[in-house]
>>> print(open('start_19.pdb').read())   # PDB, C-alpha atoms and all ligand atoms
ATOM      1  CA  MET U   1     164.010 151.181 128.728
ATOM      2  CA  GLN U   2     167.022 150.027 126.760
ATOM      3  CA  HIS U   3     168.542 148.799 130.021
ATOM      4  CA  LEU U   4     165.394 146.827 130.907
ATOM      5  CA  MET U   5     165.210 145.224 127.455
ATOM      6  CA  THR U   6     168.836 144.157 127.668
ATOM      7  CA  GLU U   7     168.213 142.643 131.084
ATOM      8  CA  LYS U   8     165.181 140.780 129.770
ATOM      9  CA  PHE U   9     167.228 139.449 126.898
ATOM     10  CA  ILE U  10     169.952 138.241 129.242
ATOM     11  CA  TYR U  11     167.324 136.742 131.524
ATOM     12  CA  ASN U  12     165.726 134.920 128.576
ATOM     13  CA  ALA U  13     169.097 133.771 127.330
ATOM     14  CA  VAL U  14     169.868 132.289 130.738
ATOM     15  CA  ILE U  15     166.632 130.365 131.146
ATOM     16  CA  ILE U  16     166.739 128.758 127.661
ATOM     17  CA  THR U  17     168.696 125.518 127.844
ATOM     18  CA  PRO U  18     170.920 124.531 124.867
ATOM     19  CA  LYS U  19     168.400 121.845 123.879
ATOM     20  CA  GLU U  20     165.502 124.307 123.959
ATOM     21  CA  LYS U  21     167.596 126.854 122.093
ATOM     22  CA  GLU U  22     168.202 124.325 119.337
ATOM     23  CA  VAL U  23     164.437 123.779 118.978
ATOM     24  CA  VAL U  24     163.701 127.528 118.985
ATOM     25  CA  PHE U  25     166.305 128.311 116.327
ATOM     26  CA  LYS U  26     165.261 125.376 114.147
ATOM     27  CA  MET U  27     161.611 126.459 114.091
ATOM     28  CA  PRO U  28     160.580 127.837 110.673
ATOM     29  CA  LYS U  29     159.781 131.540 110.652
ATOM     30  CA  LEU U  30     156.521 131.164 108.741
ATOM     31  CA  ASP U  31     153.119 130.090 109.986
ATOM     32  CA  PRO U  32     152.138 128.000 106.933
ATOM     33  CA  ILE U  33     148.387 128.089 107.558
ATOM     34  CA  ALA U  34     148.378 131.874 108.084
ATOM     35  CA  GLU U  35     150.369 132.251 104.821
ATOM     36  CA  PHE U  36     147.975 129.901 103.012
ATOM     37  CA  ARG U  37     144.984 131.980 104.110
ATOM     38  CA  SER U  38     146.697 135.290 103.431
ATOM     39  CA  ASP U  39     147.465 134.188  99.827
ATOM     40  CA  HIS U  40     143.782 133.292  99.358
ATOM     41  CA  ALA U  41     142.676 136.701 100.631
ATOM     42  CA  LYS U  42     145.099 138.466  98.253
ATOM     43  CA  VAL U  43     143.938 136.309  95.324
ATOM     44  CA  ARG U  44     140.286 136.958  96.242
ATOM     45  CA  ASP U  45     140.889 140.724  96.048
ATOM     46  CA  MET U  46     142.831 140.474  92.785
ATOM     47  CA  LEU U  47     140.098 138.334  91.192
ATOM     48  CA  LEU U  48     137.418 140.807  92.256
ATOM     49  CA  GLU U  49     139.525 143.599  90.723
ATOM     50  CA  LEU U  50     139.980 141.501  87.582
ATOM     51  CA  ILE U  51     136.234 140.909  87.226
ATOM     52  CA  ASP U  52     135.678 144.654  87.605
ATOM     53  CA  ALA U  53     138.373 145.575  85.051
ATOM     54  CA  VAL U  54     137.101 143.028  82.500
ATOM     55  CA  SER U  55     133.501 144.226  82.945
ATOM     56  CA  LYS U  56     134.701 147.781  82.272
ATOM     57  CA  LYS U  57     136.662 146.560  79.212
ATOM     58  CA  ASP U  58     139.915 147.839  80.705
ATOM     59  CA  ALA U  59     142.339 145.365  79.074
ATOM     60  CA  THR U  60     145.500 147.111  80.313
ATOM     61  CA  LYS U  61     144.437 146.966  83.965
ATOM     62  CA  ALA U  62     143.138 143.405  83.600
ATOM     63  CA  LEU U  63     146.450 142.260  82.115
ATOM     64  CA  GLU U  64     148.374 143.992  84.897
ATOM     65  CA  ILE U  65     146.236 142.084  87.462
ATOM     66  CA  MET U  66     146.867 138.823  85.579
ATOM     67  CA  ILE U  67     150.621 139.401  85.913
ATOM     68  CA  ARG U  68     150.214 139.839  89.698
ATOM     69  CA  LEU U  69     148.061 136.689  89.870
ATOM     70  CA  ASP U  70     150.695 134.779  87.886
ATOM     71  CA  LYS U  71     153.349 135.855  90.393
ATOM     72  CA  ILE U  72     151.450 134.907  93.549
ATOM     73  CA  GLY U  73     149.754 131.846  92.018
ATOM     74  CA  GLY U  74     152.976 130.116  90.943
ATOM     75  CA  PRO U  75     154.540 129.470  94.367
ATOM     76  CA  HIS U  76     151.078 128.915  95.902
ATOM     77  CA  PHE U  77     150.004 126.175  93.451
ATOM     78  CA  ARG U  78     153.450 124.605  93.463
ATOM     79  CA  TRP U  79     153.491 124.426  97.254
ATOM     80  CA  GLU U  80     149.981 122.933  97.260
ATOM     81  CA  GLU U  81     151.026 120.204  94.845
ATOM     82  CA  GLU U  82     154.472 119.425  96.217
ATOM     83  CA  SER U  83     153.617 119.679  99.906
ATOM     84  CA  LEU U  84     150.248 120.854 101.246
ATOM     85  CA  TYR U  85     147.800 118.599  99.394
ATOM     86  CA  LEU U  86     149.934 115.562 100.206
ATOM     87  CA  THR U  87     149.922 116.475 103.891
ATOM     88  CA  PHE U  88     146.129 116.816 103.889
ATOM     89  CA  GLU U  89     145.530 113.745 101.726
ATOM     90  CA  LYS U  90     145.058 111.557 104.806
ATOM     91  CA  PHE U  91     141.857 113.544 105.508
ATOM     92  CA  PHE U  92     140.333 114.014 102.042
ATOM     93  CA  GLY U  93     141.773 111.045 100.107
ATOM     94  CA  ARG U  94     143.509 110.494  96.774
ATOM     95  CA  GLN U  95     140.438 110.998  94.593
ATOM     96  CA  TYR U  96     139.819 114.476  95.958
ATOM     97  CA  LEU U  97     143.531 115.295  95.596
ATOM     98  CA  GLU U  98     143.332 114.303  91.910
ATOM     99  CA  TYR U  99     140.276 116.528  91.539
ATOM    100  CA  LEU U 100     142.220 119.462  93.084
ATOM    101  CA  LEU U 101     145.034 118.919  90.569
ATOM    102  CA  GLY U 102     142.401 118.956  87.815
ATOM    103  CA  VAL U 103     141.186 122.311  89.153
ATOM    104  CA  HIS U 104     144.769 123.643  88.950
ATOM    105  CA  ASP U 105     144.981 122.483  85.318
ATOM    106  CA  ARG U 106     141.718 124.205  84.487
ATOM    107  CA  ILE U 107     142.902 127.459  86.100
ATOM    108  CA  VAL U 108     146.171 127.322  84.150
ATOM    109  CA  LYS U 109     144.165 126.804  80.930
ATOM    110  CA  ARG U 110     141.869 129.725  81.737
ATOM    111  CA  GLY U 111     144.892 131.847  82.714
ATOM    112  CA  ARG U 112     146.540 131.232  79.330
ATOM    113  CA  GLU U 113     143.290 132.021  77.501
ATOM    114  CA  LEU U 114     142.799 135.236  79.464
ATOM    115  CA  VAL U 115     146.368 136.421  78.855
ATOM    116  CA  GLU U 116     145.918 135.732  75.147
ATOM    117  CA  ILE U 117     142.690 137.742  75.002
ATOM    118  CA  LEU U 118     143.986 140.616  77.125
ATOM    119  CA  SER U 119     147.307 140.839  75.264
ATOM    120  CA  LYS U 120     145.355 142.027  72.216
ATOM    121  CA  GLY U 121     144.675 145.187  74.239
ATOM    122  CA  LYS U 122     140.909 145.141  73.655
ATOM    123  CA  ILE U 123     137.919 143.524  75.344
ATOM    124  CA  SER U 124     134.786 143.183  73.215
ATOM    125  CA  GLU U 125     131.278 143.824  74.475
ATOM    126  CA  GLU U 126     130.570 140.088  74.423
ATOM    127  CA  GLN U 127     133.818 139.187  76.265
ATOM    128  CA  ALA U 128     133.015 141.804  78.922
ATOM    129  CA  LYS U 129     129.759 139.930  79.540
ATOM    130  CA  ILE U 130     131.025 136.321  79.368
ATOM    131  CA  LEU U 131     134.481 136.491  80.985
ATOM    132  CA  PRO U 132     133.404 137.592  84.511
ATOM    133  CA  ASP U 133     131.264 134.456  84.859
ATOM    134  CA  ILE U 134     134.095 132.236  83.605
ATOM    135  CA  ILE U 135     136.481 133.886  86.113
ATOM    136  CA  ARG U 136     133.934 133.370  88.915
ATOM    137  CA  SER U 137     133.099 129.752  88.151
ATOM    138  CA  ASP U 138     136.504 128.420  87.038
ATOM    139  CA  ILE U 139     139.000 130.536  89.011
ATOM    140  CA  LEU U 140     137.359 132.281  91.986
ATOM    141  CA  SER U 141     135.775 128.973  92.998
ATOM    142  CA  HIS U 142     139.247 127.625  93.803
ATOM    143  CA  PRO U 143     140.236 129.969  96.658
ATOM    144  CA  ILE U 144     136.728 129.436  98.057
ATOM    145  CA  GLU U 145     137.252 125.668  98.021
ATOM    146  CA  CYS U 146     140.893 125.852  99.079
ATOM    147  CA  GLU U 147     139.931 127.824 102.214
ATOM    148  CA  GLY U 148     137.802 124.817 103.192
ATOM    149  CA  ILE U 149     140.948 122.684 103.460
ATOM    150  CA  VAL U 150     141.957 124.872 106.436
ATOM    151  CA  LEU U 151     139.185 123.028 108.308
ATOM    152  CA  PHE U 152     141.673 120.185 108.856
ATOM    153  CA  ALA U 153     144.687 122.333 109.778
ATOM    154  CA  GLU U 154     144.274 121.958 113.542
ATOM    155  CA  LYS U 155     144.585 118.193 113.126
ATOM    156  CA  LEU U 156     148.175 118.479 111.822
ATOM    157  CA  THR U 157     151.191 117.772 114.022
ATOM    158  CA  GLN U 158     153.877 120.386 114.740
ATOM    159  CA  LYS U 159     156.285 118.322 112.618
ATOM    160  CA  GLU U 160     153.904 118.439 109.647
ATOM    161  CA  LEU U 161     153.412 122.190 110.109
ATOM    162  CA  ASN U 162     157.185 122.705 110.249
ATOM    163  CA  GLU U 163     157.651 120.724 107.038
ATOM    164  CA  LEU U 164     154.917 122.757 105.323
ATOM    165  CA  ALA U 165     156.653 125.974 106.402
ATOM    166  CA  GLU U 166     160.081 124.776 105.220
ATOM    167  CA  ASN U 167     158.684 123.767 101.820
ATOM    168  CA  LEU U 168     156.858 127.075 101.466
ATOM    169  CA  GLU U 169     160.056 128.994 102.253
ATOM    170  CA  ARG U 170     162.008 126.985  99.647
ATOM    171  CA  ILE U 171     159.330 127.339  96.945
ATOM    172  CA  ARG U 172     158.841 131.071  97.572
ATOM    173  CA  LYS U 173     162.594 131.575  97.343
ATOM    174  CA  GLU U 174     162.565 129.945  93.878
ATOM    175  CA  ASP U 175     159.676 132.294  93.000
ATOM    176  CA  ILE U 176     158.451 130.753  89.728
ATOM    177  CA  PRO U 177     155.293 132.335  88.243
ATOM    178  CA  LEU U 178     152.214 130.187  87.575
ATOM    179  CA  LEU U 179     152.330 129.783  83.797
ATOM    180  CA  GLU U 180     156.071 129.090  83.805
ATOM    181  CA  TRP U 181     155.647 126.506  86.593
ATOM    182  CA  ALA U 182     152.828 124.861  84.612
ATOM    183  CA  GLU U 183     154.979 124.794  81.492
ATOM    184  CA  ARG U 184     158.168 123.307  82.853
ATOM    185  CA  ILE U 185     157.746 121.916  86.387
ATOM    186  CA  LYS U 186     154.179 120.791  87.168
ATOM    187  CA  ASP U 187     153.909 117.567  85.177
ATOM    188  CA  ALA U 188     157.394 116.296  86.034
ATOM    189  CA  GLU U 189     156.810 116.874  89.783
ATOM    190  CA  ARG U 190     153.423 115.110  89.606
ATOM    191  CA  GLU U 191     155.012 112.143  87.873
ATOM    192  CA  LYS U 192     157.757 111.974  90.506
ATOM    193  CA  ARG U 193     155.065 111.661  93.199
ATOM    194  CA  GLY U 194     152.828 109.286  91.247
ATOM    195  CA  LEU U 195     150.039 111.899  91.038
ATOM    196  CA  LYS U 196     147.613 112.335  88.207
ATOM    197  CA  ALA U 197     144.994 114.992  87.693
ATOM    198  CA  ARG U 198     141.337 114.353  87.068
ATOM    199  CA  VAL U 199     140.423 115.873  83.721
ATOM    200  CA  LEU U 200     137.734 118.509  84.220
ATOM    201  CA  ALA U 201     135.552 120.116  81.580
TER     202      ALA U 201
HETATM  203 FE    FE M   1     145.087 127.498  97.545
END
>>> encode(input="start_19.pdb", output="structure tokens", more="lines below")
Ligand SMILES: [Fe+2]
Amino acid sequence: MQHLMTEKFIYNAVIITPKEKEVVFKMPKLDPIAEFRSDHAKVRDMLLELIDAVSKKDATKALEIMIRLDKIGGPHFRWEEESLYLTFEKFFGRQYLEYLLGVHDRIVKRGRELVEILSKGKISEEQAKILPDIIRSDILSHPIECEGIVLFAEKLTQKELNELAENLERIRKEDIPLLEWAERIKDAEREKRGLKARVLA
């Protein structure tokens, strides 16, 4: 078996020309659309868990889920704003892009409010009733909508996909959580790109 694998490797190595080899080794390791969708699925599950924990007034568990959401949400939102949305803008236009940035701002606001409430270590009866609907309408609605953007993915070129993957790799390596990104990076990066968010209620 080992012998056969070695032979196959040598065979492959022989049939790849230097030019082809250059292309193969330059290709990013990530499939950006698969990563995009996988993040949404993870966030979906965490938000469902969060709704459950809040309904059961389990502030400790809810706060622990918020920390996980902060960690995954930071690189995801940053990549969307610095790379993905701009790549898809040619399909959905500037106005929709500004709306999506407004949605990010609203999620950040809700995230801060939730952390503040949960940090007190207690969820009141009233909060346990109201918060799940706020999480559903203002936060869970985003991964639902964001998944819809995938509709245009097959219209992207390989070059665009490679750039998306490279940017995702860079941003994930920097690994900045959501609320920290919102505090010190978001607005400056938007300004650099001439982007402004639509203000949402
Ligand atoms: Fe997203």
>>> resolve_selection(input="start_19.pdb", expression="the PyMOL selection byres (((chain U and resi 142) around 12) and not hetatm)", output="ChimeraX atom specification")
/U:40-41,43-44,47,73,77,99-108,135-141,143-149
>>> closest_residue(input="start_19.pdb", among="U:Ser124, U:Glu180, U:Ala153, U:Thr60", to="U:Gly111", atoms="all atoms listed in the file")
U:Glu180
>>> closest_residue(input="start_19.pdb", among="U:Lys71, U:Met46, U:Lys56, U:Lys29", to="U:Ile176", atoms="only C-alpha atoms")
U:Lys71
>>> resolve_selection(input="start_19.pdb", expression="the PyMOL selection byres (((chain U and resi 175) around 9) and not hetatm)", output="compact mmCIF listing (two decimals) with C-alpha atoms, keeping the file's coordinate frame")
# COMPACT_ATOMS: atom_id res chain seq x y z
CA LYS U 71 153.35 135.85 90.39
CA ILE U 72 151.45 134.91 93.55
CA GLY U 74 152.98 130.12 90.94
CA PRO U 75 154.54 129.47 94.37
CA ARG U 170 162.01 126.98 99.65
CA ILE U 171 159.33 127.34 96.94
CA ARG U 172 158.84 131.07 97.57
CA LYS U 173 162.59 131.57 97.34
CA GLU U 174 162.56 129.94 93.88
CA ILE U 176 158.45 130.75 89.73
CA PRO U 177 155.29 132.34 88.24
>>> atom_distance(input="start_19.pdb", atom1="atom CA of U:Asp70", atom2="atom CA of U:Val115")
10.1 Å
>>> atom_distance(input="start_19.pdb", atom1="atom CA of U:Glu98", atom2="atom CA of U:Glu163")
21.8 Å
>>> residues_around(input="start_19.pdb", residues="U:Lys122", least_positions_apart="6", cutoff="8 Å", atoms="only C-alpha atoms", output="number ranges by chain")
U: 57-59
>>> resolve_selection(input="start_19.pdb", expression="the PyMOL selection byres (((chain U and resi 119) around 12) and not hetatm)", output="ChimeraX atom specification")
/U:58-64,66-67,111-118,120-123
>>> atom_distance(input="start_19.pdb", atom1="atom CA of U:Phe88", atom2="atom CA of U:Gly194")
16.2 Å
>>> closest_residue(input="start_19.pdb", among="U:Leu168, U:Leu151, U:Ile65, U:Ala197", to="U:Glu80", atoms="only C-alpha atoms")
U:Leu168
>>> residues_around(input="start_19.pdb", residues="U:Pro32", least_positions_apart="5", cutoff="12 Å", atoms="only C-alpha atoms", output="PyMOL selection string")
chain U and resi 27+37-39+76+79-80+83-84+150+153-154+156+158-169+172
>>> closest_residue(input="start_19.pdb", among="U:Phe92, U:Arg78, U:Asp31, U:Ile51", to="ligand FE 1 (chain M)", atoms="all atoms listed in the file")
U:Arg78
>>> residues_around(input="start_19.pdb", residues="U:Asp187", least_positions_apart="5", cutoff="9 Å", atoms="all atoms listed in the file", output="PyMOL selection string")
chain U and resi 182+192+196
